[in-house]
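Engineer: Provided herewith is a single structure, encoded as structure tokens, for subsequent inquiry.
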Amino acid sequence: MKYTLTFYFTLLGIALCFLHFVGHENDAVYLLFYSLSVPAWIWPLFEYTDVNFIMLYLTTIVSWTLIGYLCDRFAYMGRSRRKQS
């Protein structure tokens, strides 16, 4: 099984975090990060006033890696199911 989507989605998570780190004072970058970062949706429910950005960035990268892995896994299962029938 090739993990191509896992790799690309991890790069997407890293790019999102880097873009937010560099240009977080820009409203467009701010909205882009908070619309595409799954942990940023959940973070305000637990700790809204003191955001630890290192933990937010790490969980964003891990969540995009997990999403990519699940996409690769489902694609592999679909291909193997088609080969069996």
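Note on naming: chains are A, B, ... as they come in the structure tokens, residues start from 1 per chain, ligands start from 1 in the order shown.
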If we count only C-alpha atoms, what is near Thr60 (chain A) at a cut-off of 12 Å, once residues fewer than 4 positions away on the same chain are taken out, given as a VMD selection string?
Structural biologist: chain A and resid 9 to 18 20 33 to 43 53 to 56 64 to 67
Engineer: Keeping only N, CA, C and O atoms, take the residues you just selected and write them out as a compact mmCIF listing (two decimals), in the first residue's frame.
Structural biologist:
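Full text of again24.txt as output:
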# COMPACT_ATOMS: atom_id res chain seq x y z
N PHE A 9 -1.27 15.08 2.53
CA PHE A 9 -2.09 15.72 3.55
C PHE A 9 -1.23 16.20 4.71
O PHE A 9 -1.53 17.22 5.33
N THR A 10 -0.15 15.47 5.02
CA THR A 10 0.79 15.94 6.03
C THR A 10 1.46 17.22 5.58
O THR A 10 1.61 18.16 6.38
N LEU A 11 1.84 17.28 4.32
CA LEU A 11 2.41 18.52 3.78
C LEU A 11 1.40 19.66 3.83
O LEU A 11 1.77 20.81 4.10
N LEU A 12 0.13 19.36 3.58
CA LEU A 12 -0.91 20.37 3.69
C LEU A 12 -1.01 20.91 5.11
O LEU A 12 -1.09 22.13 5.32
N GLY A 13 -0.96 20.04 6.09
CA GLY A 13 -1.00 20.46 7.49
C GLY A 13 0.20 21.30 7.87
O GLY A 13 0.07 22.32 8.56
N ILE A 14 1.38 20.91 7.40
CA ILE A 14 2.60 21.69 7.67
C ILE A 14 2.52 23.05 7.00
O ILE A 14 2.87 24.07 7.60
N ALA A 15 2.02 23.08 5.77
CA ALA A 15 1.90 24.35 5.05
C ALA A 15 0.89 25.27 5.74
O ALA A 15 1.13 26.49 5.84
N LEU A 16 -0.22 24.73 6.20
CA LEU A 16 -1.20 25.54 6.93
C LEU A 16 -0.60 26.15 8.18
O LEU A 16 -0.78 27.34 8.45
N CYS A 17 0.14 25.35 8.94
CA CYS A 17 0.74 25.85 10.17
C CYS A 17 1.81 26.89 9.88
O CYS A 17 1.89 27.92 10.56
N PHE A 18 2.62 26.66 8.87
CA PHE A 18 3.66 27.62 8.53
C PHE A 18 3.06 28.93 8.04
O PHE A 18 3.50 30.02 8.43
N HIS A 20 0.13 30.14 8.79
CA HIS A 20 -0.46 30.83 9.93
C HIS A 20 0.62 31.44 10.81
O HIS A 20 0.46 32.54 11.34
N PHE A 33 -6.65 29.32 8.07
CA PHE A 33 -6.15 28.35 9.05
C PHE A 33 -7.28 27.82 9.92
O PHE A 33 -7.42 26.61 10.12
N TYR A 34 -8.09 28.71 10.44
CA TYR A 34 -9.15 28.27 11.34
C TYR A 34 -10.31 27.58 10.63
O TYR A 34 -11.11 26.90 11.28
N SER A 35 -10.41 27.71 9.34
CA SER A 35 -11.44 26.95 8.62
C SER A 35 -10.95 25.57 8.22
O SER A 35 -11.75 24.65 8.06
N LEU A 36 -9.64 25.38 8.06
CA LEU A 36 -9.11 24.09 7.62
C LEU A 36 -8.43 23.28 8.73
O LEU A 36 -8.03 22.15 8.50
N SER A 37 -8.31 23.84 9.91
CA SER A 37 -7.68 23.12 11.02
C SER A 37 -8.77 22.53 11.91
O SER A 37 -9.48 23.26 12.61
N VAL A 38 -8.88 21.23 11.90
CA VAL A 38 -9.90 20.55 12.70
C VAL A 38 -9.69 20.79 14.20
O VAL A 38 -10.66 21.08 14.91
N PRO A 39 -8.47 20.70 14.74
CA PRO A 39 -8.30 20.99 16.17
C PRO A 39 -8.64 22.44 16.53
O PRO A 39 -9.05 22.70 17.66
N ALA A 40 -8.50 23.35 15.60
CA ALA A 40 -8.86 24.75 15.89
C ALA A 40 -10.36 24.92 16.05
O ALA A 40 -10.81 25.87 16.68
N TRP A 41 -11.15 24.00 15.50
CA TRP A 41 -12.60 24.04 15.71
C TRP A 41 -12.93 23.62 17.15
O TRP A 41 -13.87 24.12 17.73
N ILE A 42 -12.17 22.68 17.67
CA ILE A 42 -12.46 22.10 18.97
C ILE A 42 -11.76 22.85 20.10
O ILE A 42 -12.25 22.88 21.23
N TRP A 43 -10.64 23.47 19.82
CA TRP A 43 -9.82 24.12 20.85
C TRP A 43 -10.60 25.13 21.70
O TRP A 43 -10.43 25.13 22.92
N PHE A 53 0.03 27.60 20.85
CA PHE A 53 0.09 27.42 19.40
C PHE A 53 0.94 26.23 18.98
O PHE A 53 0.67 25.63 17.94
N ILE A 54 1.92 25.87 19.75
CA ILE A 54 2.73 24.69 19.41
C ILE A 54 1.85 23.44 19.43
O ILE A 54 1.90 22.62 18.51
N MET A 55 1.04 23.32 20.48
CA MET A 55 0.14 22.16 20.56
C MET A 55 -0.92 22.23 19.46
O MET A 55 -1.29 21.20 18.89
N LEU A 56 -1.41 23.41 19.16
CA LEU A 56 -2.40 23.57 18.09
C LEU A 56 -1.81 23.18 16.74
O LEU A 56 -2.44 22.48 15.96
N TRP A 64 -4.30 16.13 10.01
CA TRP A 64 -4.23 16.00 8.55
C TRP A 64 -3.52 14.72 8.13
O TRP A 64 -3.88 14.11 7.12
N THR A 65 -2.53 14.29 8.90
CA THR A 65 -1.87 13.01 8.62
C THR A 65 -2.86 11.86 8.79
O THR A 65 -2.91 10.95 7.96
N LEU A 66 -3.65 11.91 9.84
CA LEU A 66 -4.65 10.87 10.08
C LEU A 66 -5.73 10.85 9.00
O LEU A 66 -6.14 9.78 8.54
N ILE A 67 -6.16 12.01 8.56
CA ILE A 67 -7.15 12.09 7.48
C ILE A 67 -6.56 11.49 6.20
O ILE A 67 -7.23 10.72 5.50
Engineer: Mind checking DSSP for chain A and telling me the alpha helix (DSSP H) residues as number ranges by chain?
Structural biologist: A: 4-23, 27-36, 38-46, 53-84
